[in-house]
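Trainee: Here's a structure for you.
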Amino acid sequence: MKKHYDIVVVGAGNAGLSAALHSAVEGKKVLLIEQHNLPGGCATSFRRGRFEFEPSLHELCDIGSEDDPAEIRQMMMDYGVKVDWKEVPDCFRIISKYSDGTPMDVSMPFGCENFIDKMEYYVPGSRPKMEEYFELLNETVAGTKYISDSNGNADSNVLKEKFPNLLRTGSYPVTRVWKAMGLPQKCCDIMSTYWGYLGIDLDRMAFIHYCNMFMKYVSRAAYIPAHTSHEISNAMVERLRELGGDIWYNCRAEEFLFDGDQLCGVRTSCGEVECDYVLANINPDIIYAKMVPKELIPEREKKLSAARGKNYSARMYTVYVGLNKTAEELGIRDYCIFFADTADSVQEYKNILGGFDKNNFTIFLCNNVVNPDASPAGTSMGFFTSMGNREEWSDLSQEDYVAYKNKYARKFIKTLKDRAGIDIEPYIEEICVASPWTFARYLGTPEGAVYGYETADWDGMMARMMMLNEDYPIKGLRPIGAAGPRGDGYSSAYVCGRLMARLAIRDLKEEGR
Amino acid sequence: MAVKVKIGLIGALDMLKFKNMSKVREMAIQAAPANEITADYAINNHAKALHPDFQELVVEKVIDHEGAGAKTFLMRSKDGGPVAYFRAGQYLSLKLNIDGSSISRPYSISSCPKDALQGVVSVTVRNNPGGFAAEHMLREFKEGDEVLSSGPQGNFYYEPLRDPEHIVALAGGSGITPFLSMAQAIADGTEDFDLTILFGSRTKEQILFREELDELAAKCDRIHVVHVLSDEKADGFEHGFITADLIKKYAKEPYSVFVCGPEAMYRFLKGELDKLGLPKKNIRCEMLGVTKKITEAEGFPKEAAGKEFDLKIRQGVYEYSFKASAEEPILVAIERAGITAPSRCRSGECGWCRSKVISGTYFAPAENENRRWADVKWDYIHPCATFPTSDMVIEVPAEYTPK
């Protein structure tokens, strides 16, 4: 007899881990299958020589302090998962140009008051507007939470009464709101810095989305795990085991099985399993193209896919460096430095998608600034993150691959030297370059992108949240992860996984199962 | 101060716009055509070609290196297409079925990356006493045999972002193979660095690939080959072992040392390399495997020596029980039990065999320790470099194999 599970979660990425844990906490019999021999997807680690590298996590927002936990810390506590969180000291440093072309080198602190104070220092006279702006931010965050908690049934009278500014600004893109408020352009330029974390420029990203992320960082600070994000993922798997869940590694879901139009199982590379529900941490385009019988795909899902037009936002590129000098010796004081050609996100997004000659965007992180023990005594480590366009990484041959990815690495190492005065080149003991090919290999996402679909224009986060009941028409199957309502990012994926598991359990209950 | 923000002229319309976000979205969706959904991406296809789950190869030619007691197996992809491209110095893990065991062995690729594009790849196997897999391959492998291989693996290659332009290769026996691949890649322009190979052999007759190496050195002035004979004195050859002095004699500053050879050579070289005072980043050793004399390893629990334990392996829905010796890596016992388990480097380094200990105790020698921090914390092991010291229950992942 085949093994039967209440819920099978396909893909142990962040959303999958969260979905599996929530289901198990709720007493469901859960199987989590993962195509690699490690959990986490992006949230993992790898060893080179004496270094253990963090592959993707810059910083996690929504953790909050132990005494006053924010959503993700609370979620982990609810799941029974313990992680050794280390607080990141500052928001960011950005070395770029203001929209008017003048040079920009600013470092912003955490904390709303501190942020406004520092902004006043860089942009004298900005305080009154910034204070007003933070009032709007606070209202928007509170209103979003209200909407989110109401599971799509928000009372419009409550919204009008308590969150009128949210209602008036929520459907507009970020830059429209800034303009309407009359914020000084330099403040906007500085506050644009995080746009790359969401993979969409601020002319097209909904204010409500950006605002929520921005405030999660600024008001609650950011954290990283002491021992790479593999610590988070492993801790989650460990808890899943304690709760009676199973996890199969090196196991690939090949096809979803149906009884009529109701999902009833999964054919995997390790055999068939029966189940009542699947939460698939897979991009819907891949699910529909390869894993569901064609005749079961609803017309609207085909239209949704066509409307999104395979626009997965940018593909990821990273360079990991293990250095045989300490951060102090190398003069690295900032955890996180953004390098861009312009603070104008529309222009910079175009630059990034413009290929090698135009793309000078990179973020450099040094783990040891947050956690001196991140690497062995006398060493330090860090990584550069950038993005790439579809064509440059599609048209590349196997023979030219290493030279091309190294060409980018050289450019970013030089950027760090020329623009921040930090010369790491002579001290590179280990180096490893991950391109969109690498991300495609390990994540299986379309083109190695990590953003799901662009959360832009008509397909923003709030619009997706409002349509949870229309978007998931296949009985017993819900895609989860970056392509879901919350978009990309660690915390979004954790929240998305839990939300979808909740909805799956609701569906099962309604069907009397 | 109560802030009031509005974007349009009439705030109420902004509110309506918010409410209408779902309607706008629905209109955008309905306006699109109901095309069939496809998911075929060039980037993902490149990744798959570079990192296949496995490669099905056929032995096309067997070259006997008689004096050296070795054979080169030239293999072609079964489907006639290219084999996975690689970086000179990488290895393949070959799956072998010997007497009911499904075992794997890592072999450095001795051919050059360019050949892979033509669908050809070679490994060279040398007879070593007690080498169970090598003996089998030398005896049994013939033209037309099918071989299941991994994709290219390992990090033992020249990295221009990290390494100085001059590499001094220290090779012993079949440890020459990654350097032969590198030398060919330099000669054909794939790689761009200077390579001086100090190659230790017993006698002239026993030098593996002597002709090929000398030819490459004659053809390309970036390649230098120095033969070091331990058991014979001859003109034009260095005599003795590879020492710090010998390395200094041939090295051009700045340089890195790359080492690949048998266990005894590593043990000897350790002291010599220390004398050079090179930073860690300038010394790279290809993996050694796991010591055959584990009971002598530091920290090995003496009371476990000579003992056998009950191992229970869980793999998906399957469960297997068998005996395992405390003096053999857990992976070996798994393979002997006829279980197909993932493995690549067999040195504790790559983590491909990463498995979860459900119960029991084990010994993992420090010189092979390469686990992630959180894996050590939560009792994940690399069975290729871990020894049982009690009865154990272990969850082992499946391995991808052809259908």
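So you can find residues: chains in the structure tokens are A, B, ... in the order shown, residues in each start at 1, and ligands are numbered from 1 in order.
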Show me, as a VMD selection string, the residues that have an atom within 7 Å of Ser110 (chain B) when counting only C-alpha atoms, minus same-chain residues fewer than 6 positions from it.
Mentor: chain B and resid 122 to 124 177 to 178 180 to 181
Trainee: If we count only C-alpha atoms, what is near Ala304 (chain B) at a cut-off of 9 Å, once residues fewer than 2 positions away on the same chain are taken out, given as number ranges by chain?
Mentor: B: 295, 300-302, 306-308, 326-327, 388-390
Trainee: Which of region 195-379 of chain B end up as alpha helix (DSSP H) when DSSP is run on this backbone - answer as an NGL selection string?
Mentor: :B and (210-219 or 244-250 or 263-276 or 330-336 or 373-377)
Trainee: Please provide as an NGL selection string all residues within 8 Å of Pro109 (chain A), with the sequence filter that same-chain residues fewer than 4 positions apart are discarded (counting only C-alpha atoms).
Mentor: :A and (89-92 or 114-115 or 118 or 218)
Trainee: Give the answer as one residue: which of A:Tyr121, A:Tyr223, A:Tyr133, A:Tyr277 has the shortest atom-to-atom distance to Leu508 (chain A), using only C-alpha atoms?
Mentor: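 Ranked by minimum distance to Leu508 (chain A), first place goes to A:Tyr277.
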Trainee: Residues near Lys4 (chain B), anyone? I mean within 9 Å using only C-alpha atoms, not counting same-chain ones fewer than 2 positions away, as a list in words.
Mentor: Glu132, Leu136, Pro164 and Asn165 of chain A; Ala2 and Lys6 of chain B
Trainee: Determine, counting only C-alpha atoms, which protein, DNA and RNA residues have an atom within 10 Å of an atom of Ala116 (chain B); residues of the same chain fewer than 3 positions away are not included. Present the result as a short mmCIF file (atom, residue, chain, number, x, y, z; two decimals) with C-alpha atoms, in the first residue's frame.
Mentor:
data_model
loop_
_atom_site.label_atom_id
_atom_site.label_comp_id
_atom_site.auth_asym_id
_atom_site.auth_seq_id
_atom_site.Cartn_x
_atom_site.Cartn_y
_atom_site.Cartn_z
CA MET B 75 34.42 7.33 -22.59
CA ARG B 76 31.76 8.81 -24.82
CA SER B 77 28.25 9.89 -23.86
CA GLY B 81 25.80 14.38 -27.27
CA PRO B 82 28.35 16.40 -25.31
CA VAL B 83 29.38 15.34 -21.83
CA ALA B 84 29.25 17.95 -19.08
CA TYR B 85 31.86 20.68 -19.49
CA PHE B 86 34.24 20.95 -16.54
CA SER B 111 41.29 14.61 -20.61
CA CYS B 112 40.83 18.30 -21.33
CA PRO B 113 37.62 20.32 -21.07
CA GLY B 119 31.28 14.11 -26.12
CA VAL B 120 34.50 12.53 -24.86
CA VAL B 121 35.96 12.28 -21.36
CA SER B 122 38.75 10.15 -19.90
#
Trainee: Pick the closest to Gly265 (chain A) from A:Val292, A:Ile72, A:Ala142, A:Ile247: which is it, counting only C-alpha atoms?
Mentor: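 Counting only C-alpha atoms, the residue closest to Gly265 (chain A) is A:Val292.
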Trainee: Based on DSSP run over this structure's backbone, return all residues of region 176-413 of chain A in strand (DSSP E or B), as a count of residues only.
Mentor: 58
Trainee: With a distance threshold of 7 Å and counting only C-alpha atoms, extract the residues of chain B near chain A and express them as number ranges by chain.
Mentor: B: 3-7, 11, 14-15, 17-18, 21-22, 24-25, 28-30, 32-39, 41-44, 46-48, 85, 162, 281, 316, 354, 372-374, 397-399
Trainee: Considering only C-alpha atoms, return as a ChimeraX atom specification whatever protein or nucleic-acid residues lie within 10 Å of region 216-227 of chain B, sequence-local ones (same chain, fewer than 2 positions apart) excluded.
Mentor: /B:166-171,180,182-184,186-188,192-204,207,210-214,229-230,236-239,242,246,250
Trainee: Taking N, CA and C atoms for each residue, export the selection above as a CSV table (one decimal), in the first residue's frame.
Mentor:
chain,number,residue,atom,x,y,z
B,166,HIS,N,51.5,31.6,-11.3
B,166,HIS,CA,52.3,30.4,-11.4
B,166,HIS,C,51.9,29.3,-10.4
B,167,ILE,N,51.6,28.1,-10.9
B,167,ILE,CA,51.2,27.0,-10.1
B,167,ILE,C,52.3,26.0,-10.1
B,168,VAL,N,52.7,25.5,-8.9
B,168,VAL,CA,53.7,24.4,-8.8
B,168,VAL,C,52.8,23.2,-8.4
B,169,ALA,N,52.8,22.2,-9.3
B,169,ALA,CA,52.0,21.0,-9.1
B,169,ALA,C,52.9,20.0,-8.5
B,170,LEU,N,52.4,19.4,-7.4
B,170,LEU,CA,53.2,18.2,-6.8
B,170,LEU,C,52.3,17.0,-7.0
B,171,ALA,N,52.8,16.1,-7.8
B,171,ALA,CA,52.0,14.9,-8.2
B,171,ALA,C,52.8,13.6,-7.8
B,180,LEU,N,47.5,16.7,-15.8
B,180,LEU,CA,47.6,16.5,-17.3
B,180,LEU,C,46.4,17.2,-17.9
B,182,MET,N,45.0,19.9,-16.8
B,182,MET,CA,45.3,21.4,-16.7
B,182,MET,C,46.3,21.7,-17.8
B,183,ALA,N,47.3,20.9,-18.0
B,183,ALA,CA,48.4,21.2,-19.0
B,183,ALA,C,47.8,21.2,-20.4
B,184,GLN,N,46.9,20.3,-20.7
B,184,GLN,CA,46.2,20.3,-22.0
B,184,GLN,C,45.4,21.6,-22.2
B,186,ILE,N,45.9,24.4,-20.7
B,186,ILE,CA,46.8,25.6,-21.0
B,186,ILE,C,47.3,25.6,-22.4
B,187,ALA,N,47.7,24.4,-22.9
B,187,ALA,CA,48.2,24.3,-24.2
B,187,ALA,C,47.2,24.7,-25.3
B,188,ASP,N,45.9,24.4,-25.0
B,188,ASP,CA,44.9,24.7,-26.1
B,188,ASP,C,44.2,26.1,-25.8
B,192,ASP,N,44.7,29.9,-18.5
B,192,ASP,CA,45.7,30.9,-18.7
B,192,ASP,C,46.6,31.0,-17.4
B,193,PHE,N,47.6,30.1,-17.3
B,193,PHE,CA,48.5,30.2,-16.1
B,193,PHE,C,49.8,29.4,-16.5
B,194,ASP,N,50.8,29.6,-15.7
B,194,ASP,CA,52.0,28.8,-15.8
B,194,ASP,C,52.0,27.7,-14.9
B,195,LEU,N,52.3,26.5,-15.4
B,195,LEU,CA,52.3,25.3,-14.6
B,195,LEU,C,53.6,24.6,-14.6
B,196,THR,N,54.2,24.4,-13.4
B,196,THR,CA,55.4,23.6,-13.3
B,196,THR,C,55.0,22.3,-12.5
B,197,ILE,N,55.1,21.2,-13.1
B,197,ILE,CA,54.7,19.9,-12.5
B,197,ILE,C,56.0,19.2,-11.9
B,198,LEU,N,56.0,19.0,-10.6
B,198,LEU,CA,57.0,18.1,-10.0
B,198,LEU,C,56.4,16.8,-9.8
B,199,PHE,N,56.8,15.8,-10.6
B,199,PHE,CA,56.1,14.5,-10.7
B,199,PHE,C,56.9,13.4,-10.1
B,200,GLY,N,56.5,12.9,-9.0
B,200,GLY,CA,57.3,11.8,-8.3
B,200,GLY,C,56.9,10.4,-8.8
B,201,SER,N,57.9,9.7,-9.3
B,201,SER,CA,57.7,8.3,-9.7
B,201,SER,C,58.8,7.5,-9.2
B,202,ARG,N,58.7,6.1,-9.2
B,202,ARG,CA,59.8,5.3,-8.7
B,202,ARG,C,60.9,5.3,-9.7
B,203,THR,N,60.6,4.9,-10.9
B,203,THR,CA,61.6,4.7,-11.9
B,203,THR,C,61.1,5.4,-13.2
B,204,LYS,N,62.0,5.6,-14.2
B,204,LYS,CA,61.7,6.1,-15.5
B,204,LYS,C,60.5,5.4,-16.1
B,207,ILE,N,56.9,6.0,-15.1
B,207,ILE,CA,56.3,7.4,-15.2
B,207,ILE,C,55.0,7.3,-16.0
B,210,ARG,N,54.3,9.8,-19.5
B,210,ARG,CA,55.6,10.5,-19.7
B,210,ARG,C,55.7,11.2,-21.0
B,211,GLU,N,55.3,10.5,-22.1
B,211,GLU,CA,55.4,11.1,-23.4
B,211,GLU,C,54.4,12.3,-23.6
B,212,GLU,N,53.2,12.1,-23.1
B,212,GLU,CA,52.2,13.1,-23.2
B,212,GLU,C,52.7,14.4,-22.5
B,213,LEU,N,53.2,14.2,-21.3
B,213,LEU,CA,53.7,15.4,-20.5
B,213,LEU,C,54.8,16.1,-21.2
B,214,ASP,N,55.8,15.3,-21.6
B,214,ASP,CA,57.0,15.9,-22.3
B,214,ASP,C,56.6,16.6,-23.6
B,229,LEU,N,62.5,11.0,-9.4
B,229,LEU,CA,62.6,9.5,-9.3
B,229,LEU,C,63.1,9.1,-7.9
B,230,SER,N,62.3,8.3,-7.2
B,230,SER,CA,62.8,7.9,-5.9
B,230,SER,C,63.7,6.7,-5.9
B,236,GLY,N,69.1,14.2,-16.2
B,236,GLY,CA,67.8,14.9,-16.6
B,236,GLY,C,66.7,14.6,-15.7
B,237,PHE,N,66.9,13.9,-14.7
B,237,PHE,CA,65.8,13.6,-13.7
B,237,PHE,C,66.3,14.0,-12.3
B,238,GLU,N,65.4,14.5,-11.5
B,238,GLU,CA,65.7,14.8,-10.1
B,238,GLU,C,65.6,13.4,-9.4
B,239,HIS,N,66.4,13.3,-8.3
B,239,HIS,CA,66.4,12.0,-7.6
B,239,HIS,C,65.9,12.3,-6.1
B,242,ILE,N,60.0,14.7,-3.4
B,242,ILE,CA,59.7,16.2,-3.6
B,242,ILE,C,59.9,16.9,-2.2
B,246,LEU,N,63.5,21.4,-3.4
B,246,LEU,CA,63.2,21.2,-4.8
B,246,LEU,C,62.1,22.1,-5.3
B,250,TYR,N,62.4,25.3,-8.4
B,250,TYR,CA,61.6,25.5,-9.7
B,250,TYR,C,60.5,26.5,-9.6
Trainee: Just to confirm, what's the straight-line distance from CA of Val58 (chain B) to CA of Gly144 (chain B) in Å (one decimal)?
Mentor: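 Separating CA of Val58 (chain B) from CA of Gly144 (chain B) is a distance of 5.8 Å.
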Trainee: List as JSON lines every residue of region 404-432 of chain A that is in contact with region 326-349 of chain A, defined as an atom at most 10 Å from one of its atoms (using only C-alpha atoms), together with the nearest atom pair and the distance in Å rounded to one decimal, sorted by chain and then rising number.
Mentor:
{"residue": "A:Phe412", "atom": "CA", "partner": "A:Phe339", "partner_atom": "CA", "distance": 9.1}
{"residue": "A:Thr415", "atom": "CA", "partner": "A:Phe339", "partner_atom": "CA", "distance": 7.9}
{"residue": "A:Leu416", "atom": "CA", "partner": "A:Phe339", "partner_atom": "CA", "distance": 8.3}
{"residue": "A:Arg419", "atom": "CA", "partner": "A:Phe339", "partner_atom": "CA", "distance": 8.2}
{"residue": "A:Ala420", "atom": "CA", "partner": "A:Ile337", "partner_atom": "CA", "distance": 8.8}
{"residue": "A:Gly421", "atom": "CA", "partner": "A:Gly331", "partner_atom": "CA", "distance": 8.2}
{"residue": "A:Ile422", "atom": "CA", "partner": "A:Gly331", "partner_atom": "CA", "distance": 6.4}
{"residue": "A:Asp423", "atom": "CA", "partner": "A:Leu330", "partner_atom": "CA", "distance": 7.1}
{"residue": "A:Ile424", "atom": "CA", "partner": "A:Leu330", "partner_atom": "CA", "distance": 7.1}
{"residue": "A:Tyr427", "atom": "CA", "partner": "A:Leu330", "partner_atom": "CA", "distance": 9.1}
Trainee: Which residue gives the smallest distance to Ser256 (chain B) among B:Val332, B:Leu273, B:Ile98, B:Leu16, with only C-alpha atoms counted?
Mentor: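 Nearest candidate to Ser256 (chain B) out of B:Val332, B:Leu273, B:Ile98, B:Leu16: B:Leu273.
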Trainee: Report as a PyMOL selection string all protein, DNA and RNA residues lying within 12 Å of Cys345 (chain B), evaluated on only C-alpha atoms, omitting residues in the same chain fewer than 6 positions from it.
Mentor: chain B and resi 90-94+104-108+150+152-156+286-290+331+351-354+368+370+382-385
